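K.L.:
Data file query.txt (compact mmCIF, C-alpha atoms) is appended below.
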# COMPACT_ATOMS: atom_id res chain seq x y z
CA MET A 31 0.00 0.00 0.00
CA SER A 32 1.50 3.34 -1.07
CA TYR A 33 -1.00 5.65 0.78
CA SER A 34 -0.55 8.54 -1.66
CA ASN A 35 0.23 9.43 -5.26
CA THR A 36 3.76 10.54 -4.37
CA ASN A 37 6.29 8.44 -6.28
CA PHE A 38 9.39 7.94 -4.16
CA ASN A 39 11.21 5.87 -6.77
CA ASN A 40 14.47 7.47 -7.95
CA LYS A 41 14.34 9.78 -4.91
CA THR A 42 16.83 9.99 -2.06
CA ILE A 43 15.32 9.69 1.40
CA LEU A 44 16.99 10.45 4.73
CA ILE A 45 15.60 8.85 7.90
CA THR A 46 17.22 10.07 11.11
CA GLY A 47 16.73 7.64 13.96
CA GLY A 48 16.25 5.02 11.28
CA ALA A 49 17.32 2.13 13.53
CA GLY A 50 14.58 2.98 16.00
CA PHE A 51 10.94 1.99 16.14
CA ILE A 52 9.19 4.35 13.73
CA GLY A 53 12.26 5.07 11.62
CA SER A 54 12.94 1.41 10.81
CA ASN A 55 9.31 0.84 9.88
CA LEU A 56 9.52 3.79 7.49
CA ALA A 57 12.70 2.36 5.97
CA PHE A 58 11.09 -0.98 5.20
CA PHE A 59 7.96 0.69 3.86
CA PHE A 60 10.03 2.52 1.27
CA GLN A 61 12.18 -0.51 0.50
CA LYS A 62 9.10 -2.65 -0.14
CA ASN A 63 6.96 -0.18 -2.06
CA PHE A 64 9.57 1.93 -3.88
CA PRO A 65 12.51 -0.37 -4.68
CA LYS A 66 14.21 2.22 -6.89
CA CYS A 67 14.56 4.85 -4.16
CA THR A 68 17.76 5.45 -2.20
CA ILE A 69 17.25 5.23 1.56
CA VAL A 70 19.85 6.68 3.92
CA ILE A 71 19.57 5.85 7.62
CA PHE A 72 21.36 8.07 10.11
CA ASP A 73 21.41 6.70 13.65
CA CYS A 74 23.82 6.66 16.57
CA PHE A 75 22.77 3.08 17.41
CA ARG A 76 22.55 1.63 20.86
CA ASN A 77 25.42 1.57 23.32
CA GLU A 78 25.55 0.81 27.01
CA SER A 79 25.14 4.42 28.15
CA THR A 80 22.10 5.16 30.31
CA PHE A 81 20.30 8.16 31.73
CA SER A 82 20.02 8.69 35.48
CA ASN A 83 16.66 6.87 35.38
CA GLY A 84 18.44 3.72 34.17
CA ASN A 85 16.99 3.76 30.65
CA LEU A 86 19.24 3.51 27.63
CA ILE A 87 20.23 6.76 25.91
CA SER A 88 19.75 5.26 22.45
CA PHE A 89 17.22 2.66 21.35
CA GLY A 90 18.50 2.25 17.79
CA HIS A 91 19.21 -1.45 17.25
CA TYR A 92 20.77 -3.28 14.33
CA LYS A 93 18.18 -6.08 14.59
CA ASN A 94 15.49 -3.59 13.52
CA LEU A 95 17.35 -3.31 10.21
CA ILE A 96 18.04 -6.94 9.34
CA GLY A 97 17.03 -7.23 5.69
CA PHE A 98 17.53 -3.52 5.00
CA ASN A 99 19.36 -2.89 1.72
CA GLY A 100 19.97 0.86 1.82
CA GLU A 101 22.72 3.10 3.15
CA ILE A 102 23.54 3.31 6.87
CA ILE A 103 25.54 6.05 8.56
CA CYS A 104 26.33 5.72 12.25
CA GLY A 105 26.39 9.21 13.70
CA ASN A 106 24.98 11.41 16.42
CA ILE A 107 22.73 14.33 15.51
CA ASN A 108 24.47 16.33 18.27
CA ASN A 109 27.74 16.02 16.40
CA SER A 110 28.32 18.45 13.53
CA GLU A 111 31.13 16.29 12.15
CA SER A 112 28.76 13.33 11.95
CA LEU A 113 26.20 15.46 10.13
CA LEU A 114 28.84 16.38 7.55
CA LEU A 115 28.72 12.77 6.41
CA LEU A 116 25.30 13.56 4.97
CA ASN A 117 26.81 16.06 2.52
CA GLN A 118 27.58 13.27 0.05
CA PHE A 119 23.84 13.05 -0.65
CA LYS A 120 21.16 15.39 -1.94
CA PHE A 121 17.91 14.53 -0.20
CA ASP A 122 14.46 14.79 -1.73
CA PHE A 123 12.74 13.78 1.51
CA ILE A 124 13.84 13.93 5.15
CA PHE A 125 12.02 12.05 7.89
CA HIS A 126 13.45 13.32 11.17
CA GLN A 127 12.69 10.76 13.88
CA ALA A 128 15.89 10.94 15.94
CA ALA A 129 15.37 12.32 19.44
CA ILE A 130 15.54 11.69 23.13
CA SER A 131 11.97 10.45 23.45
CA ASP A 132 11.99 9.29 27.08
CA THR A 133 9.48 11.43 28.99
CA ARG A 134 11.18 10.51 32.28
CA VAL A 135 14.52 12.10 31.37
CA TYR A 136 14.85 15.34 33.32
CA ASP A 137 18.30 16.43 32.13
CA GLN A 138 17.01 19.56 30.44
CA GLU A 139 20.31 20.51 28.82
CA GLU A 140 20.77 17.12 27.19
CA VAL A 141 17.18 16.94 25.96
CA MET A 142 17.27 20.47 24.50
CA LYS A 143 20.64 19.98 22.81
CA THR A 144 19.58 16.70 21.25
CA ASN A 145 16.05 17.57 20.21
CA VAL A 146 16.22 21.32 19.55
CA ASN A 147 19.75 22.27 18.49
CA SER A 148 19.97 19.41 15.99
CA PHE A 149 16.65 20.46 14.46
CA TYR A 150 18.12 23.75 13.28
CA GLU A 151 20.78 21.81 11.39
CA LEU A 152 18.25 19.44 9.81
CA LEU A 153 16.18 22.41 8.65
CA GLU A 154 19.24 23.93 6.99
CA ILE A 155 20.00 20.65 5.20
CA ALA A 156 16.39 20.55 3.99
CA LYS A 157 16.64 24.15 2.77
CA ARG A 158 19.95 23.44 1.00
CA ASP A 159 18.56 20.41 -0.82
CA ASN A 160 15.00 21.72 -1.21
CA SER A 161 13.84 18.64 0.67
CA VAL A 162 10.40 17.85 1.96
CA LEU A 163 10.86 17.65 5.75
CA ILE A 164 8.60 15.56 7.97
CA TYR A 165 9.56 15.54 11.64
CA ALA A 166 8.37 13.80 14.79
CA SER A 167 6.58 15.98 17.30
CA SER A 168 4.65 14.50 20.22
CA ALA A 169 1.42 14.49 22.18
CA ALA A 170 3.64 15.22 25.20
CA THR A 171 3.39 18.86 24.12
CA TYR A 172 -0.11 18.89 25.62
CA GLY A 173 0.78 17.80 29.13
CA SER A 174 -2.44 17.32 31.11
CA GLU A 175 -4.61 19.52 28.92
CA PRO A 176 -8.16 18.11 28.69
CA SER A 177 -9.21 15.92 25.80
CA PRO A 178 -9.52 16.15 22.93
CA GLN A 179 -5.97 17.49 22.63
CA THR A 180 -5.93 20.19 19.97
CA VAL A 181 -3.04 21.92 18.21
CA GLY A 182 -2.69 25.41 19.69
CA LYS A 183 -3.56 24.34 23.24
CA GLU A 184 -0.22 23.06 24.59
CA ASN A 185 1.09 22.83 28.14
CA PRO A 186 4.18 20.58 28.25
CA GLU A 187 5.04 19.17 31.67
CA ASN A 188 8.42 17.54 31.07
CA PRO A 189 11.61 18.46 29.18
CA TYR A 190 10.78 16.12 26.30
CA GLY A 191 7.33 17.64 25.75
CA PHE A 192 8.80 21.15 25.98
CA SER A 193 11.54 20.32 23.45
CA LYS A 194 8.95 19.11 20.95
CA TYR A 195 6.83 22.20 21.55
CA ILE A 196 9.87 24.37 20.79
CA MET A 197 10.59 22.32 17.64
CA ASP A 198 7.05 23.06 16.45
CA LYS A 199 7.59 26.77 17.01
CA ILE A 200 10.93 26.68 15.19
CA ALA A 201 9.32 24.90 12.24
CA GLU A 202 6.52 27.47 12.15
CA LYS A 203 8.99 30.37 11.98
CA PHE A 204 11.18 28.60 9.43
CA THR A 205 8.18 27.93 7.20
CA LYS A 206 7.22 31.60 7.22
CA LYS A 207 10.73 32.54 6.12
CA ASN A 208 10.76 29.78 3.49
CA PRO A 209 7.17 29.55 2.23
CA THR A 210 7.98 27.34 -0.76
CA MET A 211 9.28 24.53 1.44
CA THR A 212 7.17 21.62 2.71
CA ILE A 213 7.64 21.18 6.47
CA VAL A 214 5.22 19.10 8.53
CA GLY A 215 5.33 18.10 12.20
CA LEU A 216 3.47 14.99 13.35
CA ARG A 217 2.39 14.80 16.97
CA TYR A 218 2.38 11.09 17.69
CA PHE A 219 0.08 9.81 20.39
CA ASN A 220 0.60 6.28 21.86
CA VAL A 221 2.22 4.36 19.03
CA TYR A 222 2.57 0.57 19.20
CA GLY A 223 3.57 -2.21 16.83
CA PRO A 224 6.46 -4.23 15.39
CA ARG A 225 10.06 -3.07 15.96
CA GLU A 226 9.35 -1.34 19.29
CA PHE A 227 10.77 -4.25 21.31
CA TYR A 228 14.20 -2.64 21.66
CA LYS A 229 12.71 0.40 23.42
CA GLY A 230 12.73 -1.78 26.54
CA SER A 231 10.83 -0.27 29.46
CA THR A 232 9.67 2.66 27.30
CA SER A 233 7.92 0.38 24.80
CA SER A 234 4.13 0.39 24.70
CA MET A 235 2.17 -1.25 27.46
CA ILE A 236 0.66 -3.47 24.76
CA ILE A 237 3.88 -5.40 24.20
CA GLN A 238 4.78 -5.26 27.90
CA LEU A 239 1.42 -6.70 28.98
CA GLY A 240 1.57 -9.23 26.16
CA HIS A 241 4.93 -10.51 27.35
CA GLN A 242 3.72 -10.68 30.95
CA ILE A 243 0.80 -12.86 29.88
CA LEU A 244 3.01 -15.10 27.70
CA ASN A 245 5.29 -15.52 30.70
CA ASN A 246 2.24 -16.76 32.61
CA ASN A 247 2.35 -13.74 34.89
CA LYS A 248 -0.72 -11.72 35.73
CA PRO A 249 -0.89 -8.55 33.62
CA ARG A 250 -0.14 -5.64 35.96
CA LEU A 251 -2.02 -2.36 35.71
CA PHE A 252 -2.29 0.80 37.77
CA GLU A 253 -5.20 0.96 40.18
CA GLY A 254 -8.13 2.66 38.46
CA SER A 255 -6.95 1.61 34.98
CA GLN A 256 -10.54 1.44 33.79
CA ASN A 257 -10.45 5.23 34.08
CA ILE A 258 -7.06 5.79 32.41
CA PHE A 259 -7.51 6.37 28.69
CA ARG A 260 -5.06 6.77 25.82
CA ASP A 261 -5.29 7.27 22.09
CA PHE A 262 -3.41 4.18 20.93
CA ILE A 263 -2.34 4.19 17.28
CA TYR A 264 -0.90 1.27 15.34
CA ILE A 265 2.39 1.77 13.52
CA GLU A 266 0.80 1.22 10.09
CA ASP A 267 -1.37 4.30 10.59
CA VAL A 268 1.70 6.28 11.68
CA ILE A 269 3.42 5.29 8.44
CA GLN A 270 0.33 6.39 6.54
CA ALA A 271 0.49 9.81 8.23
CA ASN A 272 4.17 10.25 7.35
CA ILE A 273 3.59 9.40 3.70
CA LYS A 274 0.54 11.63 3.33
CA ALA A 275 2.41 14.46 5.07
CA CYS A 276 4.74 14.60 2.05
CA SER A 277 1.99 16.24 0.00
CA PRO A 278 -0.06 18.27 2.50
CA LEU A 279 -2.64 20.85 1.58
CA LYS A 280 -0.74 23.13 3.94
CA ASN A 281 2.27 23.07 6.26
CA GLY A 282 1.83 22.81 9.99
CA THR A 283 1.73 20.54 13.02
CA PHE A 284 -0.82 17.75 13.05
CA ASN A 285 -2.00 15.19 15.57
CA VAL A 286 -1.45 11.54 14.69
CA GLY A 287 -3.86 9.39 16.65
CA THR A 288 -7.08 7.53 15.98
CA GLY A 289 -9.30 10.15 17.58
CA VAL A 290 -10.64 7.41 19.87
CA SER A 291 -9.61 6.84 23.50
CA ARG A 292 -9.37 3.36 24.98
CA SER A 293 -8.72 2.37 28.58
CA PHE A 294 -5.73 0.46 29.91
CA GLU A 295 -8.23 -2.11 31.18
CA GLU A 296 -9.46 -2.73 27.62
CA ILE A 297 -5.93 -3.54 26.45
CA SER A 298 -5.62 -6.24 29.09
CA ILE A 299 -8.99 -7.70 28.09
CA ILE A 300 -8.17 -7.73 24.36
CA LEU A 301 -4.72 -9.24 24.90
CA LYS A 302 -6.00 -11.98 27.19
CA ALA A 303 -8.59 -12.92 24.55
CA GLU A 304 -6.00 -12.93 21.73
CA LEU A 305 -3.52 -14.94 23.80
CA ASP A 306 -6.20 -17.29 25.16
CA SER A 307 -5.34 -16.43 28.75
CA GLN A 308 -7.50 -16.77 31.86
CA LEU A 309 -5.05 -14.85 34.08
CA GLU A 310 -6.59 -12.25 36.34
CA THR A 311 -5.28 -8.69 36.22
CA GLU A 312 -3.17 -7.50 39.13
CA TYR A 313 -3.38 -3.87 40.24
CA PHE A 314 -0.81 -1.62 41.94
CA ALA A 315 -0.56 2.03 42.94
CA ASN A 316 0.52 4.47 40.24
CA PRO A 317 3.98 5.73 41.32
CA TYR A 318 4.04 8.71 38.94
CA LYS A 319 3.05 12.28 39.66
CA GLY A 320 1.55 14.42 36.92
CA TYR A 321 0.28 11.36 35.08
CA GLN A 322 -2.00 11.90 32.10
CA ASN A 323 -5.33 10.18 32.72
CA HIS A 324 -6.90 10.87 29.34
CA THR A 325 -5.58 11.52 25.84
CA GLN A 326 -7.59 11.72 22.66
CA ALA A 327 -6.26 13.32 19.53
CA ASN A 328 -8.32 15.92 17.73
CA ILE A 329 -7.56 14.79 14.18
CA TYR A 330 -9.92 17.09 12.30
CA SER A 331 -7.10 19.10 10.70
CA THR A 332 -5.05 15.93 10.08
CA LYS A 333 -7.93 14.49 8.09
CA LYS A 334 -8.59 17.78 6.30
CA TYR A 335 -5.05 18.75 5.31
CA LEU A 336 -3.25 15.39 5.13
CA ASP A 337 -6.19 13.20 4.04
CA PHE A 338 -5.33 10.98 7.01
CA LYS A 339 -7.78 8.15 7.68
CA PRO A 340 -6.93 5.80 10.58
CA LYS A 341 -7.54 2.21 9.56
CA PHE A 342 -6.67 0.25 12.72
CA SER A 343 -8.94 0.02 15.74
CA LEU A 344 -7.29 -1.17 18.94
CA GLU A 345 -8.73 -4.65 18.37
CA LYS A 346 -7.47 -4.82 14.78
CA GLY A 347 -4.07 -3.40 15.69
CA ILE A 348 -3.47 -5.81 18.56
CA LYS A 349 -4.59 -8.77 16.43
CA SER A 350 -2.09 -7.74 13.74
CA TYR A 351 0.61 -7.27 16.37
CA VAL A 352 0.17 -10.54 18.29
CA PRO A 353 2.43 -12.68 16.04
CA GLU A 354 5.29 -10.20 16.60
CA ILE A 355 4.57 -10.02 20.33
CA LYS A 356 4.92 -13.81 20.43
CA ARG A 357 8.06 -13.82 18.27
CA THR A 358 9.88 -11.26 20.38
CA PHE A 359 8.90 -13.08 23.55
CA PHE A 360 10.19 -16.45 22.41
CA GLU A 361 13.16 -15.27 20.30
CA GLY A 362 14.04 -11.74 21.29
CA THR A 363 16.72 -10.55 23.65
CA LEU A 364 17.60 -6.98 24.50
Would you write the structure of this file as structure tokens?
P.N.:
Amino acid sequence: MSYSNTNFNNKTILITGGAGFIGSNLAFFFQKNFPKCTIVIFDCFRNESTFSNGNLISFGHYKNLIGFNGEIICGNINNSESLLLLNQFKFDFIFHQAAISDTRVYDQEEVMKTNVNSFYELLEIAKRDNSVLIYASSAATYGSEPSPQTVGKENPENPYGFSKYIMDKIAEKFTKKNPTMTIVGLRYFNVYGPREFYKGSTSSMIIQLGHQILNNNKPRLFEGSQNIFRDFIYIEDVIQANIKACSPLKNGTFNVGTGVSRSFEEISIILKAELDSQLETEYFANPYKGYQNHTQANIYSTKKYLDFKPKFSLEKGIKSYVPEIKRTFFEGTL
């Protein structure tokens, strides 16, 4: 499925963070559907470095790219010398996915340097090459604003959400100065699906609960999970949004969700049915302060200007995902 009339064959495509979850899925989408395009992945790849919260600094993993036939450059977007390696190419499209995406990282300097400073450089590369630039924003820009979350009503409550909010503002200003360019920000809500396994503890609760059940452990949820809602969106719909963003009716920042909220409790119920489990759910106190209890993307403008049409309900998405949940449980290692 190509999702749009844009022909990416004979085009050169840069995917930053291309060894990560969304980036690697984009890479294989292009490889499968547009075999004559040139795909360049730029990623720092995983090492053993961790943040103070114990989570890995980089989630890029070579196993996400097994079977990939394009170009790979190992480099850090914080490093100008690494970015110079991109000068050997002229990019038609840039998909900027690289970022510190861990909402529990509170090192403000590191988050801002990685997510914001590097964005200026990517914008200049896009201007130099006259590239279409699609970049990852986030629903974290909204903080605890009431649903439905709507572009223009932001209140970020952690460094990650603030960095993405600033990126959106930078893109807005850059677009005004360069009105002929195509620059689109996509505010992802709760994305789940294949190739997220290597995100470890920051992967979706769908794969985490699935692995708990397969391990014959009771799925564990916060107390009151029947009242905690999220807009869960399957990776295939996120790919659709990225592709359609390449030919928008206008530039801007757009929500990428289903527009439907589902409870944590429902995920447990669906997974237990799919995995044929009779395990009871175990509940524990939520240890986090400032926790979002309800997210639901307002996707009116996404539908209007990107022709975005979510195709995967939570039931359909989990059913499609179950074979990969099983494979990573029985075969995968971090």
K.L.:
When you count all atoms listed in the file, which of these residues is closest to Val221 of chain A: A:Asn40, A:Ser131, A:Ser234, A:Thr80?
P.N.:
A:Ser234
K.L.:
Give me, please, the distance in Å between atom CA of Thr68 of chain A and atom CA of Asn39 of chain A, quoted to one decimal.
P.N.:
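Interatomic distance here is 8.0 Å.
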K.L.:
Select all residues near (-6.7, -12.5, 28.3) (cut-off 12 Å, inclusive, file coordinates), counting only C-alpha atoms, and output them as a ChimeraX atom specification.
P.N.:
/A:239-244,246-249,295-311
K.L.:
Under the rule that only C-alpha atoms are counted, which of A:Asn185, A:Thr171, A:Thr46, A:Thr180 is the nearest residue to Ala128 of chain A?
P.N.:
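When distances to Ala128 of chain A are compared using only C-alpha atoms, the smallest one comes from A:Thr46.
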K.L.:
Find, counting all atoms listed in the file, the residue in A:Phe227, A:Phe58, A:Phe204, A:Phe284 that gets nearest to Ile329 of chain A.
P.N.:
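That would be A:Phe284, the residue with the smallest distance to Ile329 of chain A.
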K.L.:
Name the closest residue to Tyr222 of chain A among the candidates A:Ile237, A:Leu95, A:Ala57, A:Ile200; distances are taken between atoms, counting all atoms listed in the file.
P.N.:
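Of A:Ile237, A:Leu95, A:Ala57, A:Ile200, the one nearest Tyr222 of chain A is A:Ile237, counting all atoms listed in the file.
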K.L.:
Can I get the residues of segment 170-278 of chain A within 10 Å of segment 317-326 of chain A, each with the closest pair of atoms and their distance in Å to one decimal, using all atoms listed in the file, sorted chain first then ascending number, as JSON lines?
P.N.:
{"residue": "A:Ala170", "atom": "CA", "partner": "A:Gln322", "partner_atom": "CA", "distance": 9.5}
{"residue": "A:Tyr172", "atom": "CA", "partner": "A:Thr325", "partner_atom": "CA", "distance": 9.2}
{"residue": "A:Gly173", "atom": "CA", "partner": "A:Gln322", "partner_atom": "CA", "distance": 7.2}
{"residue": "A:Ser174", "atom": "CA", "partner": "A:Gln322", "partner_atom": "CA", "distance": 5.5}
{"residue": "A:Glu175", "atom": "CA", "partner": "A:Thr325", "partner_atom": "CA", "distance": 8.6}
{"residue": "A:Pro176", "atom": "CA", "partner": "A:His324", "partner_atom": "CA", "distance": 7.4}
{"residue": "A:Ser177", "atom": "CA", "partner": "A:Gln326", "partner_atom": "CA", "distance": 5.5}
{"residue": "A:Pro178", "atom": "CA", "partner": "A:Gln326", "partner_atom": "CA", "distance": 4.8}
{"residue": "A:Gln179", "atom": "CA", "partner": "A:Gln326", "partner_atom": "CA", "distance": 6.0}
{"residue": "A:Thr180", "atom": "CA", "partner": "A:Gln326", "partner_atom": "CA", "distance": 9.0}
{"residue": "A:Glu187", "atom": "CA", "partner": "A:Gly320", "partner_atom": "CA", "distance": 7.9}
{"residue": "A:Asn188", "atom": "CA", "partner": "A:Gly320", "partner_atom": "CA", "distance": 9.5}
{"residue": "A:Phe219", "atom": "CA", "partner": "A:Thr325", "partner_atom": "CA", "distance": 8.0}
{"residue": "A:Asn220", "atom": "CA", "partner": "A:Thr325", "partner_atom": "CA", "distance": 9.0}
{"residue": "A:Phe252", "atom": "CA", "partner": "A:Pro317", "partner_atom": "CA", "distance": 8.7}
{"residue": "A:Gly254", "atom": "CA", "partner": "A:Asn323", "partner_atom": "CA", "distance": 9.9}
{"residue": "A:Ser255", "atom": "CA", "partner": "A:Asn323", "partner_atom": "CA", "distance": 9.0}
{"residue": "A:Asn257", "atom": "CA", "partner": "A:Asn323", "partner_atom": "CA", "distance": 7.3}
{"residue": "A:Ile258", "atom": "CA", "partner": "A:Asn323", "partner_atom": "CA", "distance": 4.7}
{"residue": "A:Phe259", "atom": "CA", "partner": "A:His324", "partner_atom": "CA", "distance": 4.6}
{"residue": "A:Arg260", "atom": "CA", "partner": "A:Thr325", "partner_atom": "CA", "distance": 4.8}
{"residue": "A:Asp261", "atom": "CA", "partner": "A:Gln326", "partner_atom": "CA", "distance": 5.0}
{"residue": "A:Phe262", "atom": "CA", "partner": "A:Gln326", "partner_atom": "CA", "distance": 8.8}
K.L.:
I need every residue sitting at most 7 Å from the point (2.0, -1.3, 16.6) (coordinates as in the file, only C-alpha atoms considered), written as a PyMOL selection string.
P.N.:
chain A and resi 221-224+264-265+347+351
K.L.:
Could you check the closest approach to Gln238 of chain A for each of A:Gln61, A:Asn109, A:Asn328, A:Thr358 and tell me which residue wins, using only C-alpha atoms?
P.N.:
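Looking at the shortest contact to Gln238 of chain A, the residue is A:Thr358.
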K.L.:
Between atom CA of Lys280 of chain A and atom CA of Ile45 of chain A, what distance in Å does the model show, to one decimal?
P.N.:
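According to the coordinates, atom CA of Lys280 of chain A and atom CA of Ile45 of chain A are separated by 22.1 Å.
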K.L.:
For the atom pair atom CA of Gly282 of chain A and atom CA of Tyr330 of chain A, what is the interatomic distance in Å to one decimal place?
P.N.:
13.3 Å
K.L.:
Using only C-alpha atoms, pick whichever of A:Phe119, A:Tyr136, A:Phe72, A:Phe338 has the shortest atom-to-atom distance to Gly105 of chain A.
P.N.:
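Among the listed residues, A:Phe72 lies closest to Gly105 of chain A.
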K.L.:
So that I can see what lies close to Ser193 of chain A, please list as a VMD selection string the residues with an atom at most 12 Å from it, counting all atoms listed in the file and leaving out residues fewer than 3 positions away in the same chain.
P.N.:
chain A and resid 129 to 133 135 to 149 166 to 172 185 to 190 196 to 200
K.L.:
Quick one: write out the picked residues with C-alpha atoms as a compact mmCIF listing (two decimals), in the frame of the given file?
P.N.:
# COMPACT_ATOMS: atom_id res chain seq x y z
CA ALA A 129 15.37 12.32 19.44
CA ILE A 130 15.54 11.69 23.13
CA SER A 131 11.97 10.45 23.45
CA ASP A 132 11.99 9.29 27.08
CA THR A 133 9.48 11.43 28.99
CA VAL A 135 14.52 12.10 31.37
CA TYR A 136 14.85 15.34 33.32
CA ASP A 137 18.30 16.43 32.13
CA GLN A 138 17.01 19.56 30.44
CA GLU A 139 20.31 20.51 28.82
CA GLU A 140 20.77 17.12 27.19
CA VAL A 141 17.18 16.94 25.96
CA MET A 142 17.27 20.47 24.50
CA LYS A 143 20.64 19.98 22.81
CA THR A 144 19.58 16.70 21.25
CA ASN A 145 16.05 17.57 20.21
CA VAL A 146 16.22 21.32 19.55
CA ASN A 147 19.75 22.27 18.49
CA SER A 148 19.97 19.41 15.99
CA PHE A 149 16.65 20.46 14.46
CA ALA A 166 8.37 13.80 14.79
CA SER A 167 6.58 15.98 17.30
CA SER A 168 4.65 14.50 20.22
CA ALA A 169 1.42 14.49 22.18
CA ALA A 170 3.64 15.22 25.20
CA THR A 171 3.39 18.86 24.12
CA TYR A 172 -0.11 18.89 25.62
CA ASN A 185 1.09 22.83 28.14
CA PRO A 186 4.18 20.58 28.25
CA GLU A 187 5.04 19.17 31.67
CA ASN A 188 8.42 17.54 31.07
CA PRO A 189 11.61 18.46 29.18
CA TYR A 190 10.78 16.12 26.30
CA ILE A 196 9.87 24.37 20.79
CA MET A 197 10.59 22.32 17.64
CA ASP A 198 7.05 23.06 16.45
CA LYS A 199 7.59 26.77 17.01
CA ILE A 200 10.93 26.68 15.19
K.L.:
I want to know what sits within 12 Å of Phe64 of chain A, based on all atoms listed in the file, with residues of the same chain fewer than 2 positions away left out; could you give that as a list in words?
P.N.:
Met31, Ser32, Thr36, Asn37, Phe38, Asn39, Asn40, Lys41, Thr42, Ile43, Leu56, Ala57, Phe58, Phe59, Phe60, Gln61, Lys62, Lys66, Cys67, Thr68, Ile69 and Gly100 of chain A
K.L.:
Within 12 Å of Thr210 of chain A, counting only C-alpha atoms, which residues qualify if same-chain residues fewer than 6 places away don't, as an MDAnalysis selection string?
P.N.:
chainID A and resid 156:157 160:162 204 280:281
K.L.:
Find the residues near Phe51 of chain A: any atom within 8 Å, counting all atoms listed in the file, skip ones fewer than 6 places away on the same chain, and give them as a PDB file with C-alpha atoms, keeping the file's coordinate frame.
P.N.:
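What ended up in part_25.pdb:
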ATOM      1  CA  GLY A  90      18.500   2.250  17.790  1.00  0.00           C
ATOM      2  CA  ASN A  94      15.490  -3.590  13.520  1.00  0.00           C
ATOM      3  CA  PRO A 224       6.460  -4.230  15.390  1.00  0.00           C
ATOM      4  CA  ARG A 225      10.060  -3.070  15.960  1.00  0.00           C
ATOM      5  CA  GLU A 226       9.350  -1.340  19.290  1.00  0.00           C
ATOM      6  CA  TYR A 228      14.200  -2.640  21.660  1.00  0.00           C
ATOM      7  CA  LYS A 229      12.710   0.400  23.420  1.00  0.00           C
TER       8      LYS A 229
END
K.L.:
Take the structure in the block and write a file for segment 254-258 of chain A, all heavy atoms, as a short mmCIF file (atom, residue, chain, number, x, y, z; two decimals), in the first residue's frame.
P.N.:
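Writing done, so here's result38.cif:
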data_model
loop_
_atom_site.label_atom_id
_atom_site.label_comp_id
_atom_site.auth_asym_id
_atom_site.auth_seq_id
_atom_site.Cartn_x
_atom_site.Cartn_y
_atom_site.Cartn_z
N GLY A 254 -7.27 1.71 39.17
CA GLY A 254 -8.13 2.66 38.46
C GLY A 254 -7.90 2.68 36.96
O GLY A 254 -8.26 3.65 36.30
N SER A 255 -7.29 1.62 36.41
CA SER A 255 -6.95 1.61 34.98
C SER A 255 -8.17 1.64 34.07
O SER A 255 -8.04 1.97 32.88
CB SER A 255 -6.10 0.39 34.65
OG SER A 255 -4.76 0.59 35.06
N GLN A 256 -9.33 1.33 34.61
CA GLN A 256 -10.54 1.44 33.79
C GLN A 256 -10.88 2.90 33.52
O GLN A 256 -11.67 3.21 32.62
CB GLN A 256 -11.72 0.73 34.49
CG GLN A 256 -12.27 1.46 35.70
CD GLN A 256 -11.49 1.15 36.98
OE1 GLN A 256 -10.41 0.58 36.95
NE2 GLN A 256 -12.05 1.56 38.12
N ASN A 257 -10.23 3.80 34.26
CA ASN A 257 -10.45 5.23 34.08
C ASN A 257 -9.23 5.95 33.51
O ASN A 257 -9.17 7.18 33.52
CB ASN A 257 -10.85 5.87 35.41
CG ASN A 257 -12.16 5.32 35.94
OD1 ASN A 257 -13.11 5.15 35.19
ND2 ASN A 257 -12.21 5.03 37.24
N ILE A 258 -8.23 5.20 33.06
CA ILE A 258 -7.06 5.79 32.41
C ILE A 258 -7.16 5.49 30.92
O ILE A 258 -7.16 4.32 30.52
CB ILE A 258 -5.75 5.23 32.98
CG1 ILE A 258 -5.65 5.51 34.49
CG2 ILE A 258 -4.55 5.86 32.26
CD1 ILE A 258 -4.42 4.90 35.15
#
